[in-house]
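The data block below is query33.cif; it holds mmCIF, C-alpha atoms.
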```cif
data_protein
#
loop_
_atom_site.label_atom_id
_atom_site.label_comp_id
_atom_site.auth_asym_id
_atom_site.auth_seq_id
_atom_site.Cartn_x
_atom_site.Cartn_y
_atom_site.Cartn_z
CA MET T 1445 17.65 51.07 -1.16
CA PRO T 1446 18.17 53.44 1.81
CA LYS T 1447 20.34 56.45 1.08
CA THR T 1448 22.96 58.29 3.11
CA ASP T 1449 25.12 61.24 2.23
CA ARG T 1450 28.63 60.61 0.88
CA LYS T 1451 30.06 60.49 4.40
CA LYS T 1452 30.46 57.33 6.42
CA VAL T 1453 27.79 56.75 9.08
CA SER T 1454 28.95 55.16 12.34
CA VAL T 1455 26.63 53.28 14.68
CA SER T 1456 27.46 52.29 18.25
CA LEU T 1457 25.51 50.02 20.56
CA SER T 1458 25.87 49.68 24.34
CA PRO T 1459 27.54 46.40 25.44
CA GLU T 1460 24.53 45.51 27.59
CA TYR T 1461 22.42 44.88 24.50
CA LYS T 1462 22.44 41.74 22.37
CA ILE T 1463 19.71 42.77 19.99
CA TRP T 1464 20.54 39.98 17.52
CA LYS T 1465 19.17 37.45 20.03
CA ALA T 1466 15.65 38.53 19.08
CA VAL T 1467 15.85 38.12 15.30
CA GLY T 1468 13.70 35.58 13.51
CA SER T 1469 15.01 32.42 11.88
CA GLU T 1470 12.38 31.86 9.20
CA LEU T 1471 14.04 32.02 5.80
CA SER T 1472 10.62 32.67 4.27
CA ARG T 1473 10.76 36.13 5.90
CA PRO T 1474 14.39 37.21 5.35
CA VAL T 1475 13.85 40.78 6.60
CA LEU T 1476 13.19 39.36 10.08
CA THR T 1477 16.54 37.54 10.13
CA GLY T 1478 18.32 40.90 10.36
CA VAL T 1479 18.29 43.85 12.77
CA TYR T 1480 16.54 47.02 11.63
CA LEU T 1481 18.44 50.27 12.15
CA ASP T 1482 15.88 53.04 12.61
CA PRO T 1483 17.12 56.53 11.66
CA LYS T 1484 15.66 57.89 14.91
CA GLY T 1485 18.33 56.06 16.91
CA TYR T 1486 16.88 52.60 17.58
CA MET T 1487 17.81 49.07 16.65
CA VAL T 1488 14.89 46.69 16.28
CA ALA T 1489 14.61 42.91 16.05
CA CYS T 1490 11.50 40.76 15.95
CA ASP T 1491 9.96 37.52 14.88
CA SER T 1492 6.32 36.42 14.93
CA PHE T 1493 6.10 36.35 18.75
CA LEU T 1494 8.43 38.99 20.18
CA LEU T 1495 9.85 42.43 19.51
CA ALA T 1496 13.01 44.01 20.96
CA VAL T 1497 13.86 47.71 20.69
CA VAL T 1498 17.09 49.23 22.02
CA PRO T 1499 18.57 52.73 21.68
CA CYS T 1500 21.77 53.27 19.72
CA LYS T 1501 23.97 56.20 18.70
CA ILE T 1502 24.12 57.21 15.05
CA GLN T 1503 26.77 59.66 13.89
CA GLY T 1504 26.08 60.92 10.40
CA LYS T 1505 23.00 61.29 8.26
CA LEU T 1506 20.81 58.26 7.58
CA GLU T 1507 17.68 59.12 5.61
CA LYS T 1508 15.97 55.73 5.77
CA GLY T 1509 16.17 52.58 7.81
CA VAL T 1510 18.64 49.82 7.01
CA ILE T 1511 18.29 46.10 7.74
CA ILE T 1512 21.63 44.93 9.16
CA PRO T 1513 22.65 41.27 8.66
CA THR T 1514 23.06 39.53 12.01
CA SER T 1515 26.55 38.35 11.05
CA VAL T 1516 27.80 41.95 11.01
CA LEU T 1517 26.70 42.50 14.62
CA THR T 1518 27.93 39.17 15.99
CA THR T 1519 31.32 39.68 14.33
CA ALA T 1520 31.62 43.18 15.77
CA SER T 1521 30.57 41.88 19.18
CA LYS T 1522 33.26 39.18 19.26
CA SER T 1523 36.06 41.46 18.14
CA ARG T 1524 35.38 44.47 20.40
CA PRO T 1525 37.19 45.01 23.71
CA ARG T 1526 35.27 43.80 26.74
CA TYR T 1527 32.64 46.23 28.08
CA SER T 1528 33.07 48.57 25.11
CA ASP T 1529 30.38 49.63 22.65
CA LEU T 1530 29.70 47.58 19.55
CA LEU T 1531 30.68 49.65 16.52
CA PHE T 1532 29.95 49.29 12.81
CA PHE T 1533 29.82 51.56 9.79
CA ILE T 1534 27.51 52.25 6.85
CA GLU T 1535 28.80 53.93 3.72
CA PRO T 1536 27.83 54.19 0.05
CA GLY T 1537 29.50 51.81 -2.38
CA ASP T 1538 29.46 51.42 -6.14
CA ASN T 1539 26.34 49.23 -6.06
CA GLY T 1540 24.57 50.57 -2.97
CA LEU T 1541 25.25 50.72 0.73
CA LEU T 1542 27.99 48.73 2.40
CA ILE T 1543 28.08 47.76 6.07
CA SER T 1544 31.41 47.04 7.72
CA SER T 1545 32.62 45.94 11.13
CA ALA T 1546 36.04 45.18 12.56
CA PHE T 1547 37.19 41.57 12.60
CA GLY T 1548 40.59 41.07 14.19
CA ASP T 1549 43.08 42.96 12.06
CA GLY T 1550 40.66 43.15 9.13
CA GLN T 1551 37.10 44.06 8.31
CA MET T 1552 33.89 42.23 7.53
CA ILE T 1553 31.94 43.92 4.72
CA SER T 1554 28.34 43.09 3.89
CA LYS T 1555 25.32 44.51 2.12
CA PRO T 1556 22.00 45.35 3.80
CA ILE T 1557 19.15 42.86 3.59
CA ASP T 1558 16.75 43.93 0.88
CA GLY T 1559 13.07 44.27 1.72
CA THR T 1560 10.60 46.30 3.74
CA TYR T 1561 10.79 45.94 7.51
CA PRO T 1562 7.48 45.80 9.45
CA THR T 1563 6.23 49.09 10.86
CA TRP T 1564 7.33 48.20 14.37
CA ARG T 1565 5.82 51.26 16.06
CA ARG T 1566 2.33 50.02 15.21
CA LEU T 1567 2.95 46.90 17.26
CA ILE T 1568 3.35 48.86 20.50
CA PRO T 1569 0.15 48.80 22.62
CA PRO T 1570 -1.35 52.17 23.61
CA LEU T 1571 -0.68 53.35 27.15
CA SER T 1572 -4.34 52.81 28.06
CA ALA T 1573 -3.95 49.08 27.31
CA MET T 1574 -1.02 48.55 29.66
CA MET T 1575 -1.62 47.18 33.15
CA VAL T 1576 0.40 45.45 35.83
CA ASN T 1577 0.31 41.70 35.46
CA THR T 1578 -1.87 40.57 38.38
CA LYS T 1579 -3.35 37.43 36.80
CA GLN T 1580 -1.76 34.15 35.85
CA ILE T 1581 -0.47 34.39 32.29
CA SER T 1582 2.14 32.09 30.82
CA TYR T 1583 5.05 33.19 28.66
CA ASN T 1584 7.48 30.99 26.77
CA PRO T 1585 10.68 30.98 28.89
CA LYS T 1586 12.91 30.71 25.82
CA LEU T 1587 11.30 33.79 24.30
CA LEU T 1588 11.69 35.71 27.57
CA LEU T 1589 15.36 34.70 27.78
CA ARG T 1590 16.05 35.83 24.22
CA LEU T 1591 14.22 39.08 24.82
CA SER T 1592 15.97 39.73 28.15
CA GLU T 1593 19.40 39.28 26.58
CA SER T 1594 18.40 41.48 23.66
CA ILE T 1595 17.42 44.46 25.83
CA GLY T 1596 20.14 44.08 28.47
CA ILE T 1597 18.32 42.71 31.54
CA THR T 1598 18.50 39.61 33.72
CA VAL T 1599 15.16 39.83 35.55
CA PRO T 1600 12.31 40.82 33.21
CA VAL T 1601 9.59 43.17 34.45
CA VAL T 1602 6.50 42.13 32.50
CA LEU T 1603 3.47 44.38 32.05
CA CYS T 1604 0.40 42.57 30.78
CA CYS T 1605 -1.63 44.34 28.11
CA LYS T 1606 -5.10 43.88 26.71
CA ASN T 1607 -6.04 44.22 23.09
CA VAL T 1608 -9.11 45.93 21.67
CA ASN T 1609 -11.19 42.81 22.31
CA GLY T 1610 -10.33 42.76 26.00
CA GLN T 1611 -8.15 39.66 25.61
CA HIS T 1612 -4.50 39.43 26.55
CA GLY T 1613 -2.30 41.08 23.95
CA PRO T 1614 1.50 41.41 23.77
CA ALA T 1615 3.21 42.01 27.10
CA VAL T 1616 5.62 44.93 27.47
CA VAL T 1617 9.02 44.03 28.95
CA LEU T 1618 11.08 46.95 30.27
CA GLY T 1619 14.81 47.06 29.52
CA LEU T 1620 17.76 49.33 30.32
CA ASP T 1621 17.94 53.02 29.42
CA GLY T 1622 14.83 53.15 27.26
CA ALA T 1623 15.08 49.68 25.74
CA PHE T 1624 11.93 47.57 25.74
CA GLY T 1625 10.37 44.54 24.15
CA LEU T 1626 7.06 42.84 23.40
CA VAL T 1627 6.27 39.16 23.81
CA MET T 1628 3.07 37.26 23.13
CA PRO T 1629 1.50 35.14 25.91
CA MET T 1630 1.11 31.40 25.55
CA TRP T 1631 -2.18 29.56 25.54
CA THR T 1632 -2.74 28.42 29.13
CA PRO T 1633 -5.24 25.78 30.27
CA ALA T 1634 -7.47 26.38 33.27
CA VAL T 1635 -5.80 26.14 36.68
CA ASP T 1636 -6.12 22.74 38.35
CA ARG T 1637 -7.97 23.62 41.57
CA SER T 1638 -7.32 20.26 43.23
CA ALA T 1639 -3.57 20.53 42.64
CA LEU T 1640 -3.39 23.90 44.37
CA VAL T 1641 -5.46 22.63 47.29
CA ARG T 1642 -3.08 19.68 47.72
CA ILE T 1643 -0.12 22.03 47.73
CA ALA T 1644 -1.75 24.36 50.25
CA ARG T 1645 -2.49 21.46 52.59
CA LEU T 1646 1.23 20.79 52.92
CA ARG T 1647 1.56 24.07 54.80
CA VAL T 1648 2.16 23.63 58.55
CA LYS T 1649 1.48 26.04 61.37
CA PRO T 1650 4.56 27.96 62.61
CA PRO T 1651 6.01 26.74 65.92
CA ILE T 1652 5.22 28.63 69.13
CA LYS T 1653 8.14 30.93 70.00
CA ASP T 1654 7.82 30.40 73.79
CA THR T 1655 8.33 26.63 73.62
CA PRO T 1656 11.21 25.58 75.96
CA GLU T 1657 14.26 24.24 74.17
CA ASP T 1658 14.08 20.93 76.09
CA ALA T 1659 10.38 20.41 75.41
CA PRO T 1660 9.48 17.35 73.33
CA ILE T 1661 8.77 18.05 69.69
CA GLU T 1662 5.22 17.20 68.77
CA ASP T 1663 3.77 16.74 65.34
CA THR T 1664 2.38 19.98 63.99
CA PRO T 1665 -1.15 19.51 62.70
CA ILE T 1666 -1.70 20.16 59.02
CA GLU T 1667 -3.98 23.11 58.43
CA ASP T 1668 -7.10 22.15 56.54
CA ILE T 1669 -7.85 24.16 53.44
CA PRO T 1670 -11.52 24.64 52.55
CA GLU T 1671 -12.51 22.85 49.38
CA ASP T 1672 -14.45 25.85 48.13
CA VAL T 1673 -11.49 28.26 47.93
CA PRO T 1674 -12.15 30.27 44.75
CA ILE T 1675 -9.37 30.01 42.22
CA GLU T 1676 -9.59 32.19 39.18
CA ASP T 1677 -9.17 30.33 35.91
CA THR T 1678 -6.79 31.76 33.38
CA PRO T 1679 -8.50 32.76 30.12
CA GLU T 1680 -7.61 30.40 27.32
CA ASP T 1681 -6.24 33.03 24.98
CA THR T 1682 -4.70 31.94 21.73
CA PRO T 1683 -1.51 33.93 20.97
CA VAL T 1684 -1.80 36.35 18.08
CA GLU T 1685 1.32 36.81 16.00
CA LEU T 1686 2.95 40.22 16.10
CA GLY T 1687 3.44 40.45 12.39
#
```
Turn the structure described in the file into structure tokens.
Amino acid sequence: MPKTDRKKVSVSLSPEYKIWKAVGSELSRPVLTGVYLDPKGYMVACDSFLLAVVPCKIQGKLEKGVIIPTSVLTTASKSRPRYSDLLFFIEPGDNGLLISSAFGDGQMISKPIDGTYPTWRRLIPPLSAMMVNTKQISYNPKLLLRLSESIGITVPVVLCCKNVNGQHGPAVVLGLDGAFGLVMPMWTPAVDRSALVRIARLRVKPPIKDTPEDAPIEDTPIEDIPEDVPIEDTPEDTPVELG
């Protein structure tokens, strides 16, 4: 069980972050159903396909990480004033640590989730593996929405990464004020060349600017698209679980 000194430790989280949106739901891995409080000042949530990391403020001494039940954070979020930081406390009790958050006129008290949290820093790709996403890669929109809410953004900036085998690895999503996340790409079939050609053929030539206003409107010819336009197929990568 993580240890603190005999003083209460307070933790505050910026209102932009909803880190609990990224926790896992698999009861077979209970440690992933909570949010990990890293002593270095980060809160971490992940499941098998995404990882969210946001900065937080810790006042007091916390020697080891603590896995916070999601209910503590959601309760604190609902009871706080609008646009104010989320606040909860960690303090030693008779049988280990206790975590508390305000709930109306009272308090919600819970115990940390027992278990060992994954070493989340090992999941981060090296800088040399990061590159701007210039190829077609698909990402699950529900995962991106959860991750975006977790790290406080509305429009995700996704950086594609490659793993050691040269295949697509977890993408890095940039958040606010040092927050970030990882999300695995989906398996994507090859691009349908004929479908793109049909779409491109719907394009019409722009009208001539010098045409008199009273001139009759003529049909604009459809621009032919060569059949041999090269279209790069997306590699059929199978997603690899984060942990």
Measuring atom to atom with all atoms listed in the file, identify which of T:Arg1565, T:Gly1625, T:Asp1636, T:Thr1560 is nearest to T:Leu1589. T:Gly1625
Answer key for the PyMOL selection byres ((chain T and resi 1602) around 8), residues as number ranges by chain: T: 1576-1577, 1600-1601, 1603-1604, 1615-1618
Quick one: everything within 9 Å of T:Lys1465, counting only C-alpha atoms, minus sequence neighbours fewer than 2 positions away in the same chain. Send it as number ranges by chain. T: 1462-1463, 1467-1468, 1489, 1590-1591, 1593-1594
Between T:Gly1622, T:Gly1478, T:Pro1629, T:Pro1569, which one has atoms that come closest to T:Tyr1461, using all atoms listed in the file? T:Gly1622
Can you translate the PyMOL selection byres ((chain T and resi 1543) around 9) into the concrete residues it hits in this file, as number ranges by chain? T: 1512-1513, 1516, 1532-1536, 1541-1542, 1544-1545, 1552-1556
Reconstructed stretch 1470-1502 of chain T, atom set N, CA and C atoms, as an mmCIF file, in the frame of the given file:
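Saved as rebuild16.cif:
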```
data_model
loop_
_atom_site.group_PDB
_atom_site.id
_atom_site.type_symbol
_atom_site.label_atom_id
_atom_site.label_comp_id
_atom_site.auth_asym_id
_atom_site.auth_seq_id
_atom_site.Cartn_x
_atom_site.Cartn_y
_atom_site.Cartn_z
ATOM 1 N N GLU T 1470 13.121 32.372 10.342
ATOM 2 C CA GLU T 1470 12.380 31.860 9.200
ATOM 3 C C GLU T 1470 12.953 32.432 7.901
ATOM 4 N N LEU T 1471 13.464 31.570 7.057
ATOM 5 C CA LEU T 1471 14.040 32.020 5.800
ATOM 6 C C LEU T 1471 12.969 32.535 4.841
ATOM 7 N N SER T 1472 11.709 32.174 5.111
ATOM 8 C CA SER T 1472 10.620 32.670 4.270
ATOM 9 C C SER T 1472 10.366 34.158 4.505
ATOM 10 N N ARG T 1473 10.877 34.705 5.606
ATOM 11 C CA ARG T 1473 10.760 36.130 5.900
ATOM 12 C C ARG T 1473 12.163 36.671 6.184
ATOM 13 N N PRO T 1474 12.981 36.844 5.151
ATOM 14 C CA PRO T 1474 14.390 37.210 5.350
ATOM 15 C C PRO T 1474 14.592 38.538 6.059
ATOM 16 N N VAL T 1475 13.656 39.480 5.931
ATOM 17 C CA VAL T 1475 13.850 40.780 6.600
ATOM 18 C C VAL T 1475 13.878 40.618 8.112
ATOM 19 N N LEU T 1476 13.225 39.570 8.635
ATOM 20 C CA LEU T 1476 13.190 39.360 10.080
ATOM 21 C C LEU T 1476 14.434 38.645 10.594
ATOM 22 N N THR T 1477 15.293 38.178 9.688
ATOM 23 C CA THR T 1477 16.540 37.540 10.130
ATOM 24 C C THR T 1477 17.641 38.560 10.389
ATOM 25 N N GLY T 1478 17.368 39.833 10.098
ATOM 26 C CA GLY T 1478 18.320 40.900 10.360
ATOM 27 C C GLY T 1478 17.810 41.853 11.418
ATOM 28 N N VAL T 1479 18.635 42.826 11.783
ATOM 29 C CA VAL T 1479 18.290 43.850 12.770
ATOM 30 C C VAL T 1479 18.043 45.164 12.031
ATOM 31 N N TYR T 1480 16.920 45.785 12.315
ATOM 32 C CA TYR T 1480 16.540 47.020 11.630
ATOM 33 C C TYR T 1480 17.152 48.213 12.358
ATOM 34 N N LEU T 1481 17.873 49.029 11.611
ATOM 35 C CA LEU T 1481 18.440 50.270 12.150
ATOM 36 C C LEU T 1481 17.499 51.410 11.787
ATOM 37 N N ASP T 1482 16.822 51.938 12.809
ATOM 38 C CA ASP T 1482 15.880 53.040 12.610
ATOM 39 C C ASP T 1482 16.639 54.358 12.649
ATOM 40 N N PRO T 1483 16.389 55.261 11.684
ATOM 41 C CA PRO T 1483 17.120 56.530 11.660
ATOM 42 C C PRO T 1483 16.931 57.394 12.901
ATOM 43 N N LYS T 1484 15.903 57.116 13.691
ATOM 44 C CA LYS T 1484 15.660 57.890 14.910
ATOM 45 C C LYS T 1484 16.551 57.448 16.072
ATOM 46 N N GLY T 1485 17.414 56.472 15.848
ATOM 47 C CA GLY T 1485 18.330 56.060 16.910
ATOM 48 C C GLY T 1485 17.900 54.821 17.660
ATOM 49 N N TYR T 1486 17.285 53.868 16.959
ATOM 50 C CA TYR T 1486 16.880 52.600 17.580
ATOM 51 C C TYR T 1486 17.335 51.440 16.704
ATOM 52 N N MET T 1487 17.604 50.324 17.363
ATOM 53 C CA MET T 1487 17.810 49.070 16.650
ATOM 54 C C MET T 1487 16.697 48.129 17.071
ATOM 55 N N VAL T 1488 16.112 47.464 16.076
ATOM 56 C CA VAL T 1488 14.890 46.690 16.280
ATOM 57 C C VAL T 1488 15.082 45.280 15.748
ATOM 58 N N ALA T 1489 14.612 44.300 16.503
ATOM 59 C CA ALA T 1489 14.610 42.910 16.050
ATOM 60 C C ALA T 1489 13.290 42.283 16.450
ATOM 61 N N CYS T 1490 12.772 41.412 15.609
ATOM 62 C CA CYS T 1490 11.500 40.760 15.950
ATOM 63 C C CYS T 1490 11.351 39.473 15.161
ATOM 64 N N ASP T 1491 10.468 38.632 15.662
ATOM 65 C CA ASP T 1491 9.960 37.520 14.880
ATOM 66 C C ASP T 1491 8.451 37.537 15.055
ATOM 67 N N SER T 1492 7.787 36.419 14.877
ATOM 68 C CA SER T 1492 6.320 36.420 14.930
ATOM 69 C C SER T 1492 5.772 36.556 16.343
ATOM 70 N N PHE T 1493 6.624 36.394 17.385
ATOM 71 C CA PHE T 1493 6.100 36.350 18.750
ATOM 72 C C PHE T 1493 6.771 37.330 19.709
ATOM 73 N N LEU T 1494 7.804 38.021 19.280
ATOM 74 C CA LEU T 1494 8.430 38.990 20.180
ATOM 75 C C LEU T 1494 9.033 40.126 19.374
ATOM 76 N N LEU T 1495 9.255 41.234 20.084
ATOM 77 C CA LEU T 1495 9.850 42.430 19.510
ATOM 78 C C LEU T 1495 10.806 43.021 20.524
ATOM 79 N N ALA T 1496 12.017 43.369 20.093
ATOM 80 C CA ALA T 1496 13.010 44.010 20.960
ATOM 81 C C ALA T 1496 13.431 45.327 20.336
ATOM 82 N N VAL T 1497 13.479 46.375 21.162
ATOM 83 C CA VAL T 1497 13.860 47.710 20.690
ATOM 84 C C VAL T 1497 14.882 48.277 21.672
ATOM 85 N N VAL T 1498 16.047 48.664 21.165
ATOM 86 C CA VAL T 1498 17.090 49.230 22.020
ATOM 87 C C VAL T 1498 17.606 50.524 21.394
ATOM 88 N N PRO T 1499 18.012 51.491 22.222
ATOM 89 C CA PRO T 1499 18.570 52.730 21.680
ATOM 90 C C PRO T 1499 20.000 52.524 21.193
ATOM 91 N N CYS T 1500 20.396 53.298 20.212
ATOM 92 C CA CYS T 1500 21.770 53.270 19.720
ATOM 93 C C CYS T 1500 22.168 54.689 19.327
ATOM 94 N N LYS T 1501 23.458 54.897 19.088
ATOM 95 C CA LYS T 1501 23.970 56.200 18.700
ATOM 96 C C LYS T 1501 24.369 56.172 17.230
ATOM 97 N N ILE T 1502 23.814 57.111 16.474
ATOM 98 C CA ILE T 1502 24.120 57.210 15.050
ATOM 99 C C ILE T 1502 24.838 58.540 14.805
#
```
